[in-house]
file start32.txt (compact mmCIF, C-alpha atoms and all ligand atoms)
# COMPACT_ATOMS: atom_id res chain seq x y z
CA MET A 1 29.11 -53.39 -48.90
CA LYS A 2 27.60 -51.69 -45.86
CA ARG A 3 25.30 -48.79 -46.68
CA THR A 4 26.43 -45.50 -45.11
CA PRO A 5 25.12 -45.34 -41.52
CA LEU A 6 24.30 -41.69 -42.21
CA GLU A 7 21.25 -42.81 -44.18
CA SER A 8 19.41 -44.33 -41.21
CA TRP A 9 20.55 -41.37 -39.11
CA VAL A 10 19.08 -38.85 -41.57
CA SER A 11 15.92 -40.97 -41.70
CA ASP A 12 15.65 -40.95 -37.88
CA LYS A 13 16.16 -37.21 -37.77
CA ILE A 14 13.53 -36.53 -40.39
CA GLY A 15 11.34 -38.88 -38.39
CA LYS A 16 8.32 -39.95 -40.35
CA GLY A 17 7.61 -43.37 -39.00
CA LYS A 18 8.93 -46.27 -40.99
CA ASP A 19 8.55 -44.80 -44.47
CA PRO A 20 11.65 -45.52 -46.51
CA LEU A 21 13.94 -42.55 -46.96
CA THR A 22 13.63 -40.96 -50.39
CA ARG A 23 15.07 -37.86 -52.06
CA GLU A 24 11.57 -36.34 -51.93
CA ARG A 25 11.38 -36.82 -48.15
CA ILE A 26 14.84 -35.34 -47.65
CA GLU A 27 14.13 -32.35 -49.86
CA HIS A 28 10.71 -31.75 -48.27
CA HIS A 29 12.40 -31.75 -44.85
CA GLN A 30 15.10 -29.38 -46.08
CA ARG A 31 12.51 -26.95 -47.44
CA LEU A 32 10.65 -26.87 -44.11
CA MET A 33 13.84 -26.45 -42.09
CA LEU A 34 15.05 -23.76 -44.45
CA GLN A 35 11.85 -21.78 -43.91
CA GLU A 36 12.34 -22.08 -40.15
CA THR A 37 15.98 -21.04 -40.39
CA LEU A 38 15.20 -18.02 -42.55
CA ALA A 39 12.44 -16.91 -40.17
CA TRP A 40 14.66 -17.48 -37.10
CA ALA A 41 17.69 -15.69 -38.58
CA ARG A 42 15.60 -12.78 -39.78
CA ALA A 43 13.88 -12.38 -36.42
CA LYS A 44 16.95 -12.75 -34.22
CA SER A 45 20.16 -11.82 -36.07
CA SER A 46 20.80 -8.20 -36.97
CA PHE A 47 23.02 -9.25 -39.89
CA TYR A 48 20.29 -11.35 -41.54
CA ARG A 49 17.57 -8.84 -40.66
CA ARG A 50 19.40 -6.40 -42.92
CA ARG A 51 20.61 -8.98 -45.43
CA LEU A 52 17.19 -10.56 -45.96
CA ALA A 53 15.18 -7.34 -45.82
CA GLY A 54 12.91 -6.99 -48.81
CA LEU A 55 12.69 -10.73 -49.46
CA SER A 56 9.25 -11.95 -48.53
CA GLU A 57 8.96 -15.28 -46.73
CA ARG A 58 6.64 -16.57 -49.42
CA ALA A 59 9.09 -15.53 -52.13
CA LEU A 60 11.79 -17.61 -50.52
CA SER A 61 9.93 -20.89 -50.82
CA GLY A 62 11.18 -22.10 -54.23
CA ARG A 63 14.62 -23.11 -55.46
CA GLN A 64 14.87 -20.17 -57.86
CA GLU A 65 13.95 -17.72 -55.11
CA PHE A 66 16.41 -19.36 -52.75
CA CYS A 67 19.19 -18.86 -55.30
CA ARG A 68 18.53 -15.12 -55.17
CA ILE A 69 19.45 -14.90 -51.49
CA PRO A 70 22.84 -13.16 -51.26
CA PHE A 71 25.78 -15.29 -50.14
CA THR A 72 27.32 -15.03 -46.70
CA THR A 73 31.10 -14.83 -46.80
CA ALA A 74 33.92 -15.40 -44.34
CA GLU A 75 34.57 -11.67 -44.54
CA ASP A 76 30.97 -10.94 -43.42
CA ILE A 77 31.64 -13.00 -40.28
CA ARG A 78 35.01 -11.35 -39.66
CA GLN A 79 33.48 -7.88 -39.89
CA ASN A 80 31.08 -8.42 -37.04
CA PRO A 81 30.46 -11.95 -35.81
CA LEU A 82 28.19 -10.82 -32.99
CA HIS A 83 25.68 -9.51 -35.55
CA PHE A 84 25.08 -13.14 -36.57
CA LEU A 85 24.00 -14.20 -33.09
CA CYS A 86 20.40 -15.37 -32.71
CA VAL A 87 20.62 -15.96 -28.94
CA SER A 88 22.04 -13.97 -26.04
CA GLN A 89 25.76 -14.38 -25.41
CA SER A 90 24.98 -16.13 -22.13
CA GLU A 91 23.44 -18.98 -24.12
CA ILE A 92 26.65 -19.50 -26.10
CA ASN A 93 28.56 -22.51 -24.86
CA ARG A 94 31.59 -22.38 -27.12
CA VAL A 95 33.29 -19.72 -29.27
CA VAL A 96 35.83 -20.85 -31.85
CA THR A 97 38.24 -18.15 -33.02
CA LEU A 98 39.86 -18.81 -36.39
CA HIS A 99 42.95 -16.79 -37.24
CA THR A 100 42.81 -17.27 -40.97
CA SER A 101 44.07 -15.02 -43.70
CA GLY A 102 41.54 -12.43 -44.71
CA THR A 103 41.72 -9.04 -46.35
CA THR A 104 41.07 -7.31 -43.03
CA GLY A 105 43.25 -9.56 -40.90
CA LEU A 106 40.39 -9.86 -38.38
CA PRO A 107 39.82 -13.26 -36.80
CA LYS A 108 36.66 -15.19 -37.59
CA ARG A 109 34.50 -16.15 -34.62
CA ILE A 110 31.95 -18.95 -34.71
CA TYR A 111 29.46 -19.36 -31.85
CA PHE A 112 27.73 -22.55 -30.70
CA THR A 113 25.01 -23.19 -28.14
CA ARG A 114 24.85 -26.45 -26.19
CA GLU A 115 22.15 -27.65 -28.62
CA ASP A 116 24.39 -26.84 -31.61
CA GLN A 117 27.20 -28.89 -30.09
CA GLU A 118 24.84 -31.78 -29.47
CA LEU A 119 24.11 -31.87 -33.23
CA THR A 120 27.84 -32.34 -33.87
CA VAL A 121 28.27 -35.07 -31.26
CA ASP A 122 25.30 -36.89 -32.78
CA PHE A 123 26.83 -36.62 -36.28
CA PHE A 124 30.21 -37.85 -35.04
CA HIS A 125 28.52 -40.77 -33.28
CA ARG A 126 26.74 -42.01 -36.38
CA GLY A 127 29.40 -40.96 -38.88
CA MET A 128 32.23 -42.72 -37.05
CA SER A 129 30.28 -45.99 -37.06
CA THR A 130 31.34 -46.17 -40.74
CA LEU A 131 34.82 -47.19 -39.62
CA VAL A 132 34.71 -47.92 -35.88
CA GLY A 133 32.67 -50.37 -33.82
CA PRO A 134 31.88 -50.82 -30.10
CA GLY A 135 34.89 -51.78 -27.98
CA GLU A 136 37.41 -50.35 -30.42
CA ARG A 137 40.04 -47.75 -29.62
CA VAL A 138 40.62 -44.51 -31.50
CA LEU A 139 43.53 -42.07 -31.38
CA ILE A 140 42.40 -38.49 -32.05
CA LEU A 141 45.12 -36.19 -33.40
CA LEU A 142 42.86 -33.12 -33.56
CA PRO A 143 42.63 -30.22 -31.07
CA GLY A 144 40.72 -31.45 -28.05
CA GLU A 145 41.99 -29.71 -24.94
CA ARG A 146 39.00 -27.43 -24.47
CA PRO A 147 35.45 -28.58 -23.81
CA GLY A 148 33.50 -28.26 -27.06
CA SER A 149 36.58 -28.42 -29.30
CA VAL A 150 36.49 -30.77 -32.26
CA GLY A 151 38.51 -33.50 -30.51
CA ASP A 152 36.35 -33.26 -27.40
CA LEU A 153 33.09 -33.57 -29.38
CA LEU A 154 34.52 -36.46 -31.40
CA ALA A 155 35.48 -38.29 -28.19
CA ALA A 156 31.91 -37.76 -26.89
CA GLY A 157 30.48 -39.16 -30.16
CA LEU A 158 32.76 -42.21 -29.96
CA GLN A 159 31.73 -42.84 -26.37
CA ARG A 160 28.09 -43.07 -27.47
CA LEU A 161 29.18 -45.60 -30.03
CA GLY A 162 30.79 -47.71 -27.29
CA ALA A 163 34.30 -46.99 -28.58
CA SER A 164 37.03 -45.49 -26.44
CA SER A 165 39.41 -42.75 -27.51
CA VAL A 166 42.55 -40.88 -26.55
CA VAL A 167 42.47 -37.19 -27.47
CA TYR A 168 46.15 -36.60 -28.15
CA GLY A 169 45.81 -33.36 -30.15
CA PRO A 170 47.78 -32.22 -33.21
CA VAL A 171 51.21 -33.84 -33.25
CA GLN A 172 54.04 -31.71 -31.89
CA ASP A 173 56.40 -34.56 -31.14
CA TYR A 174 56.23 -37.43 -33.62
CA ALA A 175 58.44 -39.78 -31.60
CA GLN A 176 56.23 -39.37 -28.56
CA ALA A 177 53.01 -39.82 -30.57
CA LEU A 178 54.45 -43.02 -32.06
CA GLU A 179 55.38 -44.29 -28.63
CA VAL A 180 51.77 -43.81 -27.51
CA MET A 181 50.57 -45.69 -30.62
CA VAL A 182 52.99 -48.58 -30.05
CA MET A 183 52.18 -48.84 -26.34
CA GLU A 184 48.41 -48.57 -26.59
CA GLY A 185 47.56 -50.06 -29.96
CA PHE A 186 44.70 -48.30 -31.74
CA ASP A 187 42.15 -49.68 -34.17
CA ALA A 188 41.65 -46.31 -35.82
CA LEU A 189 43.26 -42.91 -36.00
CA VAL A 190 41.77 -39.51 -36.86
CA GLY A 191 44.08 -36.69 -37.94
CA ILE A 192 45.27 -33.99 -40.33
CA PRO A 193 46.51 -35.55 -43.62
CA VAL A 194 50.09 -34.16 -43.62
CA GLN A 195 50.59 -35.03 -39.96
CA VAL A 196 49.29 -38.57 -40.36
CA LEU A 197 51.60 -39.13 -43.35
CA ALA A 198 54.59 -37.82 -41.39
CA LEU A 199 53.67 -40.11 -38.51
CA ALA A 200 53.34 -43.13 -40.80
CA ARG A 201 56.70 -42.36 -42.41
CA GLN A 202 58.36 -42.12 -39.02
CA SER A 203 56.72 -45.36 -37.89
CA ARG A 204 58.37 -47.52 -40.59
CA GLY A 205 55.22 -49.62 -40.62
CA ARG A 206 54.90 -50.07 -36.84
CA ALA A 207 51.70 -49.40 -34.87
CA ALA A 208 49.55 -49.56 -38.01
CA PRO A 209 45.87 -48.83 -37.28
CA ARG A 210 43.23 -50.76 -39.21
CA SER A 211 41.62 -47.58 -40.46
CA VAL A 212 42.45 -43.91 -40.69
CA LEU A 213 40.10 -40.97 -41.02
CA LEU A 214 41.69 -37.88 -42.55
CA SER A 215 40.04 -34.60 -41.72
CA THR A 216 40.44 -30.80 -41.43
CA ASP A 217 41.94 -30.24 -44.87
CA TYR A 218 41.41 -31.56 -48.39
CA VAL A 219 43.25 -34.85 -48.88
CA PRO A 220 45.76 -35.25 -51.72
CA ASP A 221 45.53 -38.67 -53.43
CA SER A 222 49.31 -38.96 -53.03
CA ILE A 223 48.91 -38.94 -49.24
CA LYS A 224 46.20 -41.63 -49.36
CA LYS A 225 48.38 -43.84 -51.56
CA GLU A 226 51.48 -43.41 -49.40
CA LEU A 227 49.53 -44.14 -46.21
CA HIS A 228 48.02 -47.25 -47.70
CA LEU A 229 51.48 -48.43 -48.81
CA ILE A 230 53.05 -47.88 -45.39
CA TRP A 231 50.29 -49.06 -43.07
CA GLY A 232 48.09 -51.08 -45.40
CA CYS A 233 45.12 -49.48 -43.66
CA GLU A 234 41.69 -48.46 -44.93
CA ILE A 235 41.62 -44.71 -45.52
CA TYR A 236 38.46 -42.65 -45.10
CA THR A 237 38.06 -38.93 -45.50
CA HIS A 238 35.83 -36.49 -43.73
CA TYR A 239 34.77 -33.10 -45.07
CA GLY A 240 33.90 -30.36 -42.67
CA MET A 241 34.82 -26.97 -41.32
CA THR A 242 34.19 -25.12 -38.08
CA GLU A 243 31.42 -23.08 -39.70
CA MET A 244 29.51 -26.31 -40.50
CA GLY A 245 29.70 -27.26 -36.83
CA PHE A 246 32.96 -29.14 -37.54
CA GLY A 247 31.30 -31.96 -39.48
CA GLY A 248 29.91 -31.92 -43.02
CA GLY A 249 30.14 -35.35 -44.60
CA VAL A 250 32.08 -38.59 -44.55
CA ASP A 251 33.03 -41.42 -46.90
CA CYS A 252 31.18 -44.70 -46.85
CA GLU A 253 32.85 -48.06 -47.53
CA ALA A 254 32.78 -47.31 -51.27
CA ARG A 255 35.01 -44.28 -50.59
CA GLN A 256 34.03 -42.46 -53.77
CA GLY A 257 33.03 -39.28 -51.98
CA TYR A 258 31.32 -37.97 -48.89
CA HIS A 259 27.72 -38.56 -47.87
CA MET A 260 26.46 -35.40 -46.30
CA ARG A 261 24.63 -34.33 -43.13
CA GLU A 262 21.55 -33.67 -45.18
CA ALA A 263 19.17 -33.29 -42.23
CA ASP A 264 21.34 -30.51 -40.75
CA LEU A 265 22.95 -28.86 -43.76
CA LEU A 266 21.80 -27.89 -47.24
CA PHE A 267 24.64 -28.01 -49.74
CA GLU A 268 24.87 -26.30 -53.13
CA VAL A 269 27.61 -26.04 -55.72
CA VAL A 270 27.88 -22.65 -57.44
CA ASP A 271 29.97 -21.06 -60.15
CA PRO A 272 32.76 -19.35 -58.18
CA LYS A 273 32.82 -16.37 -60.56
CA THR A 274 29.15 -15.69 -61.27
CA GLY A 275 27.59 -17.30 -58.18
CA ALA A 276 25.08 -19.12 -60.42
CA SER A 277 23.77 -22.40 -59.04
CA LEU A 278 25.27 -25.39 -60.89
CA GLU A 279 23.66 -28.68 -61.87
CA GLU A 280 24.60 -32.01 -60.35
CA GLY A 281 27.92 -33.19 -61.77
CA GLU A 282 29.25 -29.68 -62.47
CA ALA A 283 32.27 -28.59 -60.45
CA GLY A 284 32.31 -25.32 -58.54
CA GLU A 285 32.40 -23.79 -55.08
CA VAL A 286 30.68 -25.55 -52.20
CA VAL A 287 28.06 -23.40 -50.45
CA PHE A 288 26.01 -24.52 -47.46
CA THR A 289 23.09 -23.39 -45.33
CA THR A 290 22.62 -24.58 -41.75
CA LEU A 291 19.14 -26.01 -41.17
CA THR A 292 19.18 -26.80 -37.46
CA ARG A 293 21.59 -24.38 -35.81
CA LEU A 294 20.32 -22.01 -33.14
CA GLY A 295 23.20 -19.79 -32.05
CA MET A 296 24.65 -18.65 -35.34
CA PRO A 297 22.83 -19.98 -38.40
CA LEU A 298 24.60 -19.40 -41.70
CA ILE A 299 22.68 -18.92 -44.93
CA ARG A 300 24.37 -19.68 -48.28
CA TYR A 301 27.84 -19.59 -46.77
CA ARG A 302 30.68 -19.70 -49.32
CA THR A 303 33.26 -22.27 -48.24
CA GLY A 304 35.96 -21.49 -50.83
CA ASP A 305 36.24 -25.27 -51.39
CA LEU A 306 35.96 -26.79 -54.85
CA SER A 307 33.93 -29.94 -55.54
CA ARG A 308 30.86 -31.33 -57.29
CA PHE A 309 27.99 -33.69 -56.58
CA LEU A 310 28.36 -37.06 -58.26
CA PRO A 311 25.27 -37.64 -60.40
CA GLU A 312 25.47 -41.44 -60.23
CA GLN A 313 24.28 -43.43 -57.24
CA CYS A 314 26.94 -44.54 -54.75
CA PRO A 315 27.72 -48.30 -54.85
CA CYS A 316 26.63 -48.48 -51.18
CA GLY A 317 23.09 -47.90 -52.45
CA THR A 318 22.17 -44.87 -50.35
CA VAL A 319 19.70 -42.21 -51.40
CA LEU A 320 21.94 -39.58 -49.80
CA LYS A 321 23.89 -37.40 -52.18
CA THR A 322 27.59 -38.05 -52.75
CA MET A 323 29.99 -35.14 -52.95
CA ALA A 324 33.21 -35.81 -54.83
CA PRO A 325 36.38 -35.45 -52.76
CA VAL A 326 37.19 -31.74 -52.38
CA ARG A 327 39.93 -30.85 -54.85
CA GLY A 328 41.39 -27.94 -52.94
CA ARG A 329 40.39 -24.36 -52.40
CA ILE A 330 39.83 -21.35 -54.61
CA ALA A 331 42.46 -19.56 -52.50
CA GLY A 332 44.96 -22.30 -53.43
CA ARG A 333 44.83 -21.45 -57.18
CA MET A 334 47.52 -19.09 -58.44
CA ASP A 335 47.65 -17.46 -61.88
CA LEU A 336 51.20 -17.73 -63.17
CA GLU A 337 50.56 -16.49 -66.69
CA PRO A 338 47.40 -16.04 -68.72
CA GLY A 339 45.83 -19.50 -68.88
CA ILE A 340 48.40 -21.11 -66.57
CA VAL A 341 47.15 -21.79 -63.07
CA LEU A 342 49.22 -23.52 -60.41
CA THR A 343 47.38 -25.12 -57.49
CA ILE A 344 48.51 -26.46 -54.17
CA GLU A 345 47.01 -29.81 -55.26
CA ASP A 346 49.46 -29.92 -58.21
CA LEU A 347 52.31 -29.46 -55.78
CA ASP A 348 50.94 -31.91 -53.21
CA GLU A 349 50.36 -34.67 -55.75
CA ALA A 350 53.88 -34.22 -57.19
CA LEU A 351 55.86 -33.78 -53.99
CA PHE A 352 54.31 -36.05 -51.33
CA PRO A 353 55.35 -39.24 -53.15
CA ILE A 354 58.99 -38.17 -52.55
CA CYS A 355 60.42 -40.60 -50.07
CA ASN A 356 60.52 -39.28 -46.48
CA LEU A 357 59.17 -35.82 -47.29
CA ILE A 358 57.49 -34.64 -44.11
CA ASP A 359 56.02 -31.32 -45.15
CA PHE A 360 56.64 -28.36 -47.41
CA SER A 361 55.50 -24.80 -47.93
CA ALA A 362 55.23 -22.98 -51.25
CA GLU A 363 55.55 -19.25 -51.86
CA LEU A 364 55.27 -17.16 -55.01
CA THR A 365 57.13 -13.86 -55.37
CA TRP A 366 57.64 -11.46 -58.27
CA GLU A 367 61.27 -10.51 -58.74
CA GLU A 368 63.07 -9.03 -61.72
CA ASP A 369 59.94 -9.35 -63.88
CA LEU A 370 59.67 -13.05 -63.21
CA ASN A 371 57.56 -15.40 -61.09
CA HIS A 372 59.65 -17.11 -58.44
CA LEU A 373 58.38 -20.26 -56.73
CA GLU A 374 60.07 -21.13 -53.49
CA ILE A 375 59.59 -24.58 -51.97
CA ARG A 376 60.76 -25.07 -48.41
CA ALA A 377 60.74 -28.78 -47.69
CA THR A 378 61.40 -30.68 -44.49
CA PHE A 379 62.94 -34.14 -44.31
CA PRO A 380 64.07 -36.13 -41.28
CA GLU A 381 67.69 -35.68 -40.28
CA GLY A 382 70.18 -37.74 -42.24
CA SER A 383 67.70 -38.79 -44.92
CA GLY A 384 70.20 -38.35 -47.78
CA LYS A 385 71.62 -35.76 -50.11
CA HIS A 386 69.30 -36.02 -53.06
CA GLU A 387 66.19 -34.28 -51.77
CA THR A 388 66.71 -30.97 -53.59
CA GLU A 389 67.21 -32.81 -56.83
CA SER A 390 64.11 -34.96 -56.24
CA ILE A 391 61.99 -31.86 -55.67
CA HIS A 392 63.28 -30.12 -58.81
CA ARG A 393 62.57 -33.28 -60.81
CA ALA A 394 59.06 -33.61 -59.37
CA LEU A 395 58.28 -29.95 -60.10
CA LYS A 396 59.35 -30.36 -63.72
CA GLY A 397 56.89 -33.25 -63.94
CA ILE A 398 53.92 -30.95 -63.18
CA PRO A 399 52.34 -30.23 -66.59
CA VAL A 400 51.50 -26.56 -65.85
CA LEU A 401 55.07 -25.88 -64.72
CA ARG A 402 57.00 -27.81 -67.33
CA SER A 403 57.14 -25.20 -70.09
CA SER A 404 57.40 -22.24 -67.69
CA ILE A 405 60.50 -23.80 -66.10
CA ARG A 406 62.03 -24.97 -69.36
CA GLU A 407 61.56 -21.59 -71.02
CA ALA A 408 62.81 -19.75 -67.90
CA ARG A 409 59.55 -17.87 -67.32
CA LEU A 410 59.48 -19.22 -63.77
CA LYS A 411 62.40 -19.53 -61.42
CA VAL A 412 62.31 -22.23 -58.78
CA ARG A 413 64.18 -22.12 -55.50
CA VAL A 414 64.23 -25.17 -53.27
CA THR A 415 65.33 -25.05 -49.67
CA VAL A 416 65.64 -28.32 -47.82
CA ARG A 417 65.56 -28.41 -44.09
CA GLU A 418 66.78 -31.62 -42.57
CA GLY A 419 65.23 -30.95 -39.26
CA ASN A 420 64.10 -32.93 -36.32
CA PRO A 421 60.62 -33.90 -37.48
CA SER A 422 59.49 -34.23 -33.88
CA LYS A 423 59.29 -30.44 -33.55
CA LEU A 424 57.18 -29.75 -36.64
CA ASN A 425 53.73 -28.29 -36.65
CA GLY A 426 51.41 -29.61 -39.32
CA SER A 427 49.99 -26.92 -41.57
CA VAL A 428 46.22 -27.13 -41.37
CA LYS A 429 44.81 -25.54 -44.53
CA ARG A 430 47.28 -26.10 -47.32
CA THR A 431 47.81 -23.22 -49.69
CA ILE A 432 50.41 -21.42 -51.79
CA THR A 433 51.44 -18.12 -50.20
CA ASP A 434 51.24 -15.39 -52.83
CA LYS A 435 53.50 -12.43 -52.06
CA ARG A 436 53.58 -11.03 -55.58
CA ASN A 437 51.34 -8.05 -54.87
CA SER A 438 52.08 -7.51 -51.21
CA GLY A 439 55.28 -5.52 -51.70
CA VAL A 440 56.87 -7.95 -49.26
CA VAL A 441 59.54 -10.01 -50.97
ZN ZN B 501 28.07 -44.67 -50.25

call {"tool": "encode", "arguments": {"input": "start32.txt", "output": "structure tokens"}}
result
Amino acid sequence: MKRTPLESWVSDKIGKGKDPLTRERIEHHQRLMLQETLAWARAKSSFYRRRLAGLSERALSGRQEFCRIPFTTAEDIRQNPLHFLCVSQSEINRVVTLHTSGTTGLPKRIYFTREDQELTVDFFHRGMSTLVGPGERVLILLPGERPGSVGDLLAAGLQRLGASSVVYGPVQDYAQALEVMVMEGFDALVGIPVQVLALARQSRGRAAPRSVLLSTDYVPDSIKKELHLIWGCEIYTHYGMTEMGFGGGVDCEARQGYHMREADLLFEVVDPKTGASLEEGEAGEVVFTTLTRLGMPLIRYRTGDLSRFLPEQCPCGTVLKTMAPVRGRIAGRMDLEPGIVLTIEDLDEALFPICNLIDFSAELTWEEDLNHLEIRATFPEGSGKHETESIHRALKGIPVLRSSIREARLKVRVTVREGNPSKLNGSVKRTITDKRNSGVV
């Protein structure tokens, strides 16, 4: 088994001659870079000048002291993203605006300098060598129209690797995307899990790439299994978000979890309720600190994603840490009754194995003193008459729903749309929409 190429990359970036890479070397590097980041952010960003006031540089040198630094949240960025800037706006090369749900409804803006973007291209170059080699062709189904967008940076990384790519963008028209795949023949494909599954289902096994990298959202096991069944391809997953500079970590050939960009990012896992730092192996919320970003460094940024570090060494033999596949987001967990929590992962794992299902949305409402769960599912036209029944059956198979449905404490409505799948937009971050307290029913 090939060792993750990220290991030699991290070693090169830390750059201490030919000494073998060890945890000590990585952690020493991270401590130094953290000191630099804290000093830079405090000197240049008005947000961190206020946020870190009163914490002496010396006091921030140990792990315990580090854990006392307040978290940065998505809401902090939404409130005033310009206060995070450490350079003048003229030095910003790319602004990404994220229209995500937040309590204020404000968009989130993330700023990158040219140097920050170079870090991402470099990561994509070395990370993609896990699954792609020189001379191979890659279809990119991620946004890539604008310079500095994720698809554009990925294409630049692949070029350095000697691979060529077509930046197609998120799929709007499945028939057309398939035609491109059949005509051009790709060795690998990078895309959003739900979209790639829909594409594979439409393909009926044609145009199978050798490997697929799923990115942008957490990846349900059901989607991996279905993809493997249809295309027989190797499936890798990537973990990242715009705030990380698009890339965070990627599977190796062992595919037990992601190896992380440890020279650029410092990851922690914390208790989502108390914020306490958790030990290796314990599951909680992923938090990261940028170590090399100039324009908009982020310190202890709460991702809202749930995962844990695997304590055992990866079979590929690397000294890099392995993060278990992200199991969804805190925002995707819904309290139905005391002690009964429904997650989008429960729904994804139960519903995606249903033959031909292209996508679905889930919404909770509170009507007549009862929880109502509405599933709106999309199937290709003419796929049969049994879809509603299949969804009801699959929902009853979810352990947390079984008794609630049987004892009529939860009402389920299923709407099936037999639409033209070619006009669908893939949902990026999967979640259950909760309208129980919004007054909107
Ligand atoms: Zn590995």

call {"tool": "closest_residue", "arguments": {"input": "start32.txt", "among": "A:Arg51, A:His99, A:Lys225, A:Arg261", "to": "A:Phe246", "atoms": "all atoms listed in the file"}}
result
A:Arg261

call {"tool": "closest_atom_pairs", "arguments": {"input": "start32.txt", "of": "chain A", "to": "ligand ZN 501 (chain B)", "cutoff": "7 Å", "atoms": "all atoms listed in the file", "output": "JSON lines"}}
result
{"residue": "A:Arg3", "atom": "CA", "partner": "B:ZN501", "partner_atom": "ZN", "distance": 6.1}
{"residue": "A:Thr4", "atom": "CA", "partner": "B:ZN501", "partner_atom": "ZN", "distance": 5.5}
{"residue": "A:Asp251", "atom": "CA", "partner": "B:ZN501", "partner_atom": "ZN", "distance": 6.8}
{"residue": "A:Cys252", "atom": "CA", "partner": "B:ZN501", "partner_atom": "ZN", "distance": 4.6}
{"residue": "A:Glu253", "atom": "CA", "partner": "B:ZN501", "partner_atom": "ZN", "distance": 6.5}
{"residue": "A:Ala254", "atom": "CA", "partner": "B:ZN501", "partner_atom": "ZN", "distance": 5.5}
{"residue": "A:Arg255", "atom": "CA", "partner": "B:ZN501", "partner_atom": "ZN", "distance": 7.0}
{"residue": "A:His259", "atom": "CA", "partner": "B:ZN501", "partner_atom": "ZN", "distance": 6.6}
{"residue": "A:Cys314", "atom": "CA", "partner": "B:ZN501", "partner_atom": "ZN", "distance": 4.6}
{"residue": "A:Pro315", "atom": "CA", "partner": "B:ZN501", "partner_atom": "ZN", "distance": 5.9}
{"residue": "A:Cys316", "atom": "CA", "partner": "B:ZN501", "partner_atom": "ZN", "distance": 4.2}
{"residue": "A:Gly317", "atom": "CA", "partner": "B:ZN501", "partner_atom": "ZN", "distance": 6.3}
{"residue": "A:Thr318", "atom": "CA", "partner": "B:ZN501", "partner_atom": "ZN", "distance": 5.9}

call {"tool": "write_last_selection", "arguments": {"input": "start32.txt", "atoms": "C-alpha atoms", "output": "tab-separated table (two decimals), in the coordinates of the input"}}
result
chain	number	residue	atom	x	y	z
A	3	ARG	CA	25.30	-48.79	-46.68
A	4	THR	CA	26.43	-45.50	-45.11
A	251	ASP	CA	33.03	-41.42	-46.90
A	252	CYS	CA	31.18	-44.70	-46.85
A	253	GLU	CA	32.85	-48.06	-47.53
A	254	ALA	CA	32.78	-47.31	-51.27
A	255	ARG	CA	35.01	-44.28	-50.59
A	259	HIS	CA	27.72	-38.56	-47.87
A	314	CYS	CA	26.94	-44.54	-54.75
A	315	PRO	CA	27.72	-48.30	-54.85
A	316	CYS	CA	26.63	-48.48	-51.18
A	317	GLY	CA	23.09	-47.90	-52.45
A	318	THR	CA	22.17	-44.87	-50.35

call {"tool": "atom_distance", "arguments": {"input": "start32.txt", "atom1": "atom CA of A:Thr289", "atom2": "atom CA of A:Met241"}}
result
12.9 Å

call {"tool": "atom_distance", "arguments": {"input": "start32.txt", "atom1": "atom CA of A:Ile140", "atom2": "atom CA of A:Gly127"}}
result
14.9 Å

call {"tool": "residues_around", "arguments": {"input": "start32.txt", "residues": "A:Gly151", "least_positions_apart": "4", "cutoff": "12 Å", "atoms": "only C-alpha atoms", "output": "MDAnalysis selection string"}}
result
chainID A and resid 120:121 124 138:147 155:158 165:170 189:192 215:216 246:247

call {"tool": "residues_near_point", "arguments": {"input": "start32.txt", "point": "(31.4, -32.6, -45.0)", "cutoff": "12 Å", "atoms": "all atoms listed in the file", "output": "ChimeraX atom specification"}}
result
/A:6,120,123-124,127,214-218,237-251,257-262,264-267,286-288,303,305,307,321-326

call {"tool": "atom_distance", "arguments": {"input": "start32.txt", "atom1": "atom CA of A:Cys86", "atom2": "atom CA of A:Ala41"}}
result
6.5 Å

call {"tool": "closest_residue", "arguments": {"input": "start32.txt", "among": "A:Ala163, A:Ala263, A:Ala208, A:Val412", "to": "A:Gln30", "atoms": "all atoms listed in the file"}}
result
A:Ala263

call {"tool": "closest_residue", "arguments": {"input": "start32.txt", "among": "A:Glu349, A:Asp187, A:Arg308, A:Glu136", "to": "A:Ser277", "atoms": "only C-alpha atoms"}}
result
A:Arg308

call {"tool": "closest_residue", "arguments": {"input": "start32.txt", "among": "A:Ile77, A:Ala177, A:Ile391, A:Leu119", "to": "A:Val10", "atoms": "all atoms listed in the file"}}
result
A:Leu119

call {"tool": "residues_near_point", "arguments": {"input": "start32.txt", "point": "(27.0, -41.5, -30.8)", "cutoff": "6 Å", "atoms": "all atoms listed in the file", "output": "JSON, numbers by chain"}}
result
{"A": [122, 125, 126, 157, 158, 160, 161]}

call {"tool": "closest_residue", "arguments": {"input": "start32.txt", "among": "A:Ile110, A:Ile14, A:Ala394, A:Met1", "to": "A:Leu98", "atoms": "all atoms listed in the file"}}
result
A:Ile110

call {"tool": "closest_residue", "arguments": {"input": "start32.txt", "among": "A:Arg406, A:His83, A:Arg302, A:Arg78", "to": "A:Leu106", "atoms": "all atoms listed in the file"}}
result
A:Arg78

call {"tool": "residues_around", "arguments": {"input": "start32.txt", "residues": "A:Leu21", "least_positions_apart": "5", "cutoff": "10 Å", "atoms": "only C-alpha atoms", "output": "number ranges by chain"}}
result
A: 7-8, 10-12, 14-16, 26, 318-320
